[in-house]
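Encoded as structure tokens, the structure appears first; notes follow it.
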Amino acid sequence: RRGTRFHAWVESRFEELALPLLGEDEHPGGDLEEDPAIRDERELDALKEAFARTPWARRTPHRVEAPFELRLAGRVVRGRIDAVYRTDDGWEIIDWKTGRSHSADPLQLAVYRVAWAEQHDLPLSRVTAAFLYVRTGELVRPAVLPDRAGLEAILRGDASWALNVPG
């Protein structure tokens, strides 16, 4: 997965956090040598410099690489949330994107948001989520993120959830 080394760098940047101990094979993306786009040190340095220009570089996340497990429509979804920050109104999930394209799927954020809210017994309204495209510093907040019912409808192949979304 693109960005493995970048994620490891950000995690180490915030090393004062109580983070789960991860083995090399447990980091997102697994083997660092498999990511030719990040293998070049200049590329990684450029990502670090770009990240340093974002407001997120000056904020300390509550959690980095936060693991979750969520059951949706009879399926178990497991993953790690890149970063969770405290806000005045609750929590903000930030997913760092290090690739060149801006084609991230908002459903990824929807899953993260539901997982965080349910893990911490929070109303979904107190959890926001966005993609940070690190190279450009662009923060993308999808207008609509399905809730649990919407995600389960999508997994069942029923897109009628979209008809009930304010819009």
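So you can find residues: chains in the structure tokens are A, B, ... in the order shown, residues in each start at 1, and ligands are numbered from 1 in order.
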**OP:** Tell me, as number ranges by chain, which residues lie within 12 Å of Gly157 of chain A, counting only C-alpha atoms; anything in the same chain fewer than 6 positions away does not count.
**Re:** A: 73, 150-151
Write to file, as a PDB file, in the first residue's frame, the residues of the selection just made, with all heavy atoms.
ATOM      1  N   ALA A  73     -23.456  -6.098   8.057  1.00  0.00           N
ATOM      2  CA  ALA A  73     -24.228  -6.977   7.172  1.00  0.00           C
ATOM      3  C   ALA A  73     -23.663  -8.396   7.148  1.00  0.00           C
ATOM      4  O   ALA A  73     -23.530  -9.005   6.097  1.00  0.00           O
ATOM      5  CB  ALA A  73     -24.300  -6.388   5.762  1.00  0.00           C
ATOM      6  N   GLY A 150     -26.755   2.602   6.266  1.00  0.00           N
ATOM      7  CA  GLY A 150     -26.393   2.850   4.879  1.00  0.00           C
ATOM      8  C   GLY A 150     -25.288   1.927   4.398  1.00  0.00           C
ATOM      9  O   GLY A 150     -25.351   1.395   3.285  1.00  0.00           O
ATOM     10  N   LEU A 151     -24.264   1.723   5.229  1.00  0.00           N
ATOM     11  CA  LEU A 151     -23.184   0.810   4.860  1.00  0.00           C
ATOM     12  C   LEU A 151     -23.702  -0.613   4.678  1.00  0.00           C
ATOM     13  O   LEU A 151     -23.330  -1.310   3.729  1.00  0.00           O
ATOM     14  CB  LEU A 151     -22.081   0.838   5.920  1.00  0.00           C
ATOM     15  CG  LEU A 151     -21.236   2.106   5.968  1.00  0.00           C
ATOM     16  CD1 LEU A 151     -20.361   2.110   7.223  1.00  0.00           C
ATOM     17  CD2 LEU A 151     -20.390   2.252   4.713  1.00  0.00           C
TER      18      LEU A 151
END
Subject >> Length of the atom CA of Arg63 of chain A to atom CA of Ala8 of chain A vector [Å] >> reply: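 Atom-to-atom, atom CA of Arg63 of chain A to atom CA of Ala8 of chain A, that is 13.4 Å.
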Show which residues sit within 6 Å of segment 51-62 of chain A, as a compact mmCIF listing (two decimals) with all heavy atoms, in the first residue's frame. Count only C-alpha atoms, and ignore same-chain residues fewer than 5 positions away.
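Contents of around11.txt, freshly written:
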# COMPACT_ATOMS: atom_id res chain seq x y z
N VAL A 84 -6.74 9.92 14.55
CA VAL A 84 -7.95 10.44 15.16
C VAL A 84 -7.54 11.63 16.03
O VAL A 84 -6.65 11.51 16.88
CB VAL A 84 -8.67 9.39 16.04
CG1 VAL A 84 -9.96 9.97 16.61
CG2 VAL A 84 -8.95 8.13 15.22
N TYR A 85 -8.18 12.76 15.78
CA TYR A 85 -7.88 13.99 16.52
C TYR A 85 -9.10 14.39 17.34
O TYR A 85 -10.24 14.23 16.90
CB TYR A 85 -7.56 15.13 15.55
CG TYR A 85 -6.28 14.96 14.78
CD1 TYR A 85 -6.23 14.21 13.61
CD2 TYR A 85 -5.11 15.56 15.22
CE1 TYR A 85 -5.05 14.06 12.89
CE2 TYR A 85 -3.93 15.43 14.51
CZ TYR A 85 -3.91 14.68 13.35
OH TYR A 85 -2.73 14.54 12.64
N VAL A 134 -1.79 14.40 1.09
CA VAL A 134 -0.57 14.96 1.66
C VAL A 134 0.21 15.78 0.65
O VAL A 134 0.70 16.87 0.97
CB VAL A 134 0.30 13.85 2.27
CG1 VAL A 134 1.63 14.40 2.77
CG2 VAL A 134 -0.45 13.15 3.39
N GLY A 137 -1.78 18.98 0.20
CA GLY A 137 -2.32 19.59 1.41
C GLY A 137 -3.83 19.75 1.37
O GLY A 137 -4.42 20.33 2.28
**OP:** Work out how far apart atom CA of Ile154 of chain A and atom CA of Val77 of chain A are and give it in Å to one decimal.
**Re:**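 Atom CA of Val77 of chain A lies 14.0 Å from atom CA of Ile154 of chain A.
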Original post:
Which one is closest to Gln108 of chain A: A:Leu145, A:Ala83, A:Leu124, A:Val76? Count only C-alpha atoms.
Top reply: A:Leu145
Subject >> Atomic separation - atom CA of Pro146 of chain A relative to atom CA of Ala110 of chain A, Å >> reply: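 Between these atoms lies a distance of 5.8 Å.
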Subject >> Counting only C-alpha atoms, the residue of A:Asp89, A:Glu11, A:Asp95, A:Glu152 that sits nearest Leu122 of chain A >> reply: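 The answer is A:Asp89, which sits nearest to Leu122 of chain A.
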Pick out the residues sitting within 10 Å of Val111 of chain A, and hand them over as a PDB file with all heavy atoms, in the first residue's frame; count only C-alpha atoms, and ignore anything fewer than 4 positions along from it in its own chain.
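See out-v6.pdb below for the written result:
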ATOM      1  N   PHE A  68      -9.397  -1.430  14.470  1.00  0.00           N
ATOM      2  CA  PHE A  68     -10.828  -1.631  14.705  1.00  0.00           C
ATOM      3  C   PHE A  68     -11.279  -2.927  14.055  1.00  0.00           C
ATOM      4  O   PHE A  68     -10.622  -3.462  13.164  1.00  0.00           O
ATOM      5  CB  PHE A  68     -11.664  -0.456  14.171  1.00  0.00           C
ATOM      6  CG  PHE A  68     -11.736  -0.400  12.663  1.00  0.00           C
ATOM      7  CD1 PHE A  68     -12.710  -1.103  11.956  1.00  0.00           C
ATOM      8  CD2 PHE A  68     -10.818   0.359  11.951  1.00  0.00           C
ATOM      9  CE1 PHE A  68     -12.770  -1.050  10.573  1.00  0.00           C
ATOM     10  CE2 PHE A  68     -10.862   0.412  10.564  1.00  0.00           C
ATOM     11  CZ  PHE A  68     -11.838  -0.290   9.877  1.00  0.00           C
ATOM     12  N   LEU A  70     -15.253  -4.345  12.911  1.00  0.00           N
ATOM     13  CA  LEU A  70     -16.645  -3.938  12.809  1.00  0.00           C
ATOM     14  C   LEU A  70     -17.405  -4.999  12.034  1.00  0.00           C
ATOM     15  O   LEU A  70     -16.941  -5.463  10.992  1.00  0.00           O
ATOM     16  CB  LEU A  70     -16.700  -2.585  12.066  1.00  0.00           C
ATOM     17  CG  LEU A  70     -18.017  -1.881  11.891  1.00  0.00           C
ATOM     18  CD1 LEU A  70     -18.585  -1.454  13.241  1.00  0.00           C
ATOM     19  CD2 LEU A  70     -17.823  -0.646  11.002  1.00  0.00           C
ATOM     20  N   LEU A  72     -20.514  -5.713   9.766  1.00  0.00           N
ATOM     21  CA  LEU A  72     -21.482  -5.021   8.917  1.00  0.00           C
ATOM     22  C   LEU A  72     -22.157  -6.024   7.999  1.00  0.00           C
ATOM     23  O   LEU A  72     -21.470  -6.726   7.240  1.00  0.00           O
ATOM     24  CB  LEU A  72     -20.801  -3.956   8.049  1.00  0.00           C
ATOM     25  CG  LEU A  72     -20.250  -2.715   8.741  1.00  0.00           C
ATOM     26  CD1 LEU A  72     -19.380  -1.916   7.777  1.00  0.00           C
ATOM     27  CD2 LEU A  72     -21.379  -1.864   9.284  1.00  0.00           C
ATOM     28  N   VAL A  77     -15.270  -6.490   9.185  1.00  0.00           N
ATOM     29  CA  VAL A  77     -14.348  -5.557   8.540  1.00  0.00           C
ATOM     30  C   VAL A  77     -13.316  -5.155   9.584  1.00  0.00           C
ATOM     31  O   VAL A  77     -13.669  -4.694  10.666  1.00  0.00           O
ATOM     32  CB  VAL A  77     -15.095  -4.296   8.028  1.00  0.00           C
ATOM     33  CG1 VAL A  77     -14.128  -3.326   7.370  1.00  0.00           C
ATOM     34  CG2 VAL A  77     -16.223  -4.680   7.080  1.00  0.00           C
ATOM     35  N   ARG A  78     -12.044  -5.363   9.260  1.00  0.00           N
ATOM     36  CA  ARG A  78     -10.956  -4.998  10.161  1.00  0.00           C
ATOM     37  C   ARG A  78     -10.060  -3.989   9.455  1.00  0.00           C
ATOM     38  O   ARG A  78      -9.872  -4.059   8.246  1.00  0.00           O
ATOM     39  CB  ARG A  78     -10.114  -6.220  10.528  1.00  0.00           C
ATOM     40  CG  ARG A  78     -10.827  -7.205  11.379  1.00  0.00           C
ATOM     41  CD  ARG A  78      -9.913  -8.397  11.717  1.00  0.00           C
ATOM     42  NE  ARG A  78     -10.659  -9.397  12.422  1.00  0.00           N
ATOM     43  CZ  ARG A  78     -11.218 -10.464  11.866  1.00  0.00           C
ATOM     44  NH1 ARG A  78     -11.092 -10.667  10.573  1.00  0.00           N
ATOM     45  NH2 ARG A  78     -11.899 -11.323  12.595  1.00  0.00           N
ATOM     46  N   GLY A  79      -9.477  -3.111  10.246  1.00  0.00           N
ATOM     47  CA  GLY A  79      -8.558  -2.150   9.650  1.00  0.00           C
ATOM     48  C   GLY A  79      -7.897  -1.301  10.709  1.00  0.00           C
ATOM     49  O   GLY A  79      -8.004  -1.577  11.916  1.00  0.00           O
ATOM     50  N   ILE A  81      -7.244   2.949  11.500  1.00  0.00           N
ATOM     51  CA  ILE A  81      -7.553   4.331  11.169  1.00  0.00           C
ATOM     52  C   ILE A  81      -6.249   5.124  11.267  1.00  0.00           C
ATOM     53  O   ILE A  81      -5.578   5.086  12.298  1.00  0.00           O
ATOM     54  CB  ILE A  81      -8.614   4.890  12.135  1.00  0.00           C
ATOM     55  CG1 ILE A  81      -9.905   4.052  12.046  1.00  0.00           C
ATOM     56  CG2 ILE A  81      -8.884   6.362  11.857  1.00  0.00           C
ATOM     57  CD1 ILE A  81     -10.915   4.354  13.149  1.00  0.00           C
ATOM     58  N   PRO A 106     -15.017   7.470  -0.432  1.00  0.00           N
ATOM     59  CA  PRO A 106     -15.599   7.959   0.815  1.00  0.00           C
ATOM     60  C   PRO A 106     -16.146   6.847   1.718  1.00  0.00           C
ATOM     61  O   PRO A 106     -16.260   7.041   2.932  1.00  0.00           O
ATOM     62  CB  PRO A 106     -16.727   8.881   0.354  1.00  0.00           C
ATOM     63  CG  PRO A 106     -16.357   9.279  -1.026  1.00  0.00           C
ATOM     64  CD  PRO A 106     -15.604   8.110  -1.605  1.00  0.00           C
ATOM     65  N   LEU A 107     -16.456   5.695   1.156  1.00  0.00           N
ATOM     66  CA  LEU A 107     -16.960   4.605   1.988  1.00  0.00           C
ATOM     67  C   LEU A 107     -15.908   4.153   3.001  1.00  0.00           C
ATOM     68  O   LEU A 107     -16.245   3.684   4.087  1.00  0.00           O
ATOM     69  CB  LEU A 107     -17.427   3.428   1.131  1.00  0.00           C
ATOM     70  CG  LEU A 107     -18.670   3.711   0.282  1.00  0.00           C
ATOM     71  CD1 LEU A 107     -19.032   2.485  -0.541  1.00  0.00           C
ATOM     72  CD2 LEU A 107     -19.838   4.157   1.143  1.00  0.00           C
ATOM     73  N   ALA A 115     -16.966   2.789  12.936  1.00  0.00           N
ATOM     74  CA  ALA A 115     -16.149   1.966  13.840  1.00  0.00           C
ATOM     75  C   ALA A 115     -15.715   2.772  15.058  1.00  0.00           C
ATOM     76  O   ALA A 115     -15.845   2.303  16.196  1.00  0.00           O
ATOM     77  CB  ALA A 115     -14.928   1.425  13.094  1.00  0.00           C
ATOM     78  N   TRP A 116     -15.215   3.987  14.849  1.00  0.00           N
ATOM     79  CA  TRP A 116     -14.746   4.801  15.977  1.00  0.00           C
ATOM     80  C   TRP A 116     -15.908   5.145  16.911  1.00  0.00           C
ATOM     81  O   TRP A 116     -15.796   5.028  18.135  1.00  0.00           O
ATOM     82  CB  TRP A 116     -14.057   6.071  15.478  1.00  0.00           C
ATOM     83  CG  TRP A 116     -13.467   6.868  16.590  1.00  0.00           C
ATOM     84  CD1 TRP A 116     -14.018   7.973  17.188  1.00  0.00           C
ATOM     85  CD2 TRP A 116     -12.249   6.614  17.289  1.00  0.00           C
ATOM     86  NE1 TRP A 116     -13.200   8.421  18.198  1.00  0.00           N
ATOM     87  CE2 TRP A 116     -12.105   7.611  18.281  1.00  0.00           C
ATOM     88  CE3 TRP A 116     -11.254   5.657  17.166  1.00  0.00           C
ATOM     89  CZ2 TRP A 116     -11.015   7.660  19.133  1.00  0.00           C
ATOM     90  CZ3 TRP A 116     -10.166   5.715  18.014  1.00  0.00           C
ATOM     91  CH2 TRP A 116     -10.051   6.702  18.987  1.00  0.00           C
ATOM     92  N   LEU A 145     -21.567  10.754   4.179  1.00  0.00           N
ATOM     93  CA  LEU A 145     -20.958   9.504   4.622  1.00  0.00           C
ATOM     94  C   LEU A 145     -22.066   8.648   5.210  1.00  0.00           C
ATOM     95  O   LEU A 145     -22.708   9.060   6.189  1.00  0.00           O
ATOM     96  CB  LEU A 145     -19.876   9.761   5.668  1.00  0.00           C
ATOM     97  CG  LEU A 145     -18.620  10.470   5.178  1.00  0.00           C
ATOM     98  CD1 LEU A 145     -17.690  10.769   6.345  1.00  0.00           C
ATOM     99  CD2 LEU A 145     -17.904   9.641   4.131  1.00  0.00           C
ATOM    100  N   PRO A 146     -22.302   7.483   4.636  1.00  0.00           N
ATOM    101  CA  PRO A 146     -23.372   6.634   5.149  1.00  0.00           C
ATOM    102  C   PRO A 146     -23.142   6.230   6.606  1.00  0.00           C
ATOM    103  O   PRO A 146     -21.999   6.070   7.046  1.00  0.00           O
ATOM    104  CB  PRO A 146     -23.335   5.391   4.255  1.00  0.00           C
ATOM    105  CG  PRO A 146     -22.442   5.710   3.128  1.00  0.00           C
ATOM    106  CD  PRO A 146     -21.612   6.891   3.508  1.00  0.00           C
ATOM    107  N   ASP A 147     -24.237   6.057   7.315  1.00  0.00           N
ATOM    108  CA  ASP A 147     -24.181   5.534   8.677  1.00  0.00           C
ATOM    109  C   ASP A 147     -24.166   4.014   8.608  1.00  0.00           C
ATOM    110  O   ASP A 147     -24.039   3.428   7.522  1.00  0.00           O
ATOM    111  CB  ASP A 147     -25.359   6.063   9.501  1.00  0.00           C
ATOM    112  CG  ASP A 147     -26.719   5.681   8.912  1.00  0.00           C
ATOM    113  OD1 ASP A 147     -26.795   4.861   7.950  1.00  0.00           O
ATOM    114  OD2 ASP A 147     -27.729   6.199   9.409  1.00  0.00           O
ATOM    115  N   ARG A 148     -24.296   3.353   9.751  1.00  0.00           N
ATOM    116  CA  ARG A 148     -24.280   1.893   9.780  1.00  0.00           C
ATOM    117  C   ARG A 148     -25.337   1.306   8.845  1.00  0.00           C
ATOM    118  O   ARG A 148     -25.048   0.414   8.046  1.00  0.00           O
ATOM    119  CB  ARG A 148     -24.506   1.381  11.205  1.00  0.00           C
ATOM    120  CG  ARG A 148     -24.757  -0.137  11.254  1.00  0.00           C
ATOM    121  CD  ARG A 148     -24.936  -0.651  12.651  1.00  0.00           C
ATOM    122  NE  ARG A 148     -23.653  -0.969  13.254  1.00  0.00           N
ATOM    123  CZ  ARG A 148     -22.931  -2.040  12.944  1.00  0.00           C
ATOM    124  NH1 ARG A 148     -23.331  -2.886  12.020  1.00  0.00           N
ATOM    125  NH2 ARG A 148     -21.792  -2.267  13.549  1.00  0.00           N
ATOM    126  N   LEU A 151     -24.264   1.723   5.229  1.00  0.00           N
ATOM    127  CA  LEU A 151     -23.184   0.810   4.860  1.00  0.00           C
ATOM    128  C   LEU A 151     -23.702  -0.613   4.678  1.00  0.00           C
ATOM    129  O   LEU A 151     -23.330  -1.310   3.729  1.00  0.00           O
ATOM    130  CB  LEU A 151     -22.081   0.838   5.920  1.00  0.00           C
ATOM    131  CG  LEU A 151     -21.236   2.106   5.968  1.00  0.00           C
ATOM    132  CD1 LEU A 151     -20.361   2.110   7.223  1.00  0.00           C
ATOM    133  CD2 LEU A 151     -20.390   2.252   4.713  1.00  0.00           C
TER     134      LEU A 151
END
**OP:** Would you kindly return, as a PyMOL selection string, each protein, DNA or RNA residue with an atom no farther than 7 Å from any atom of segment 141-144 of chain A, considering only C-alpha atoms and excluding same-chain residues fewer than 3 positions away?
**Re:** chain A and resi 106+129-131
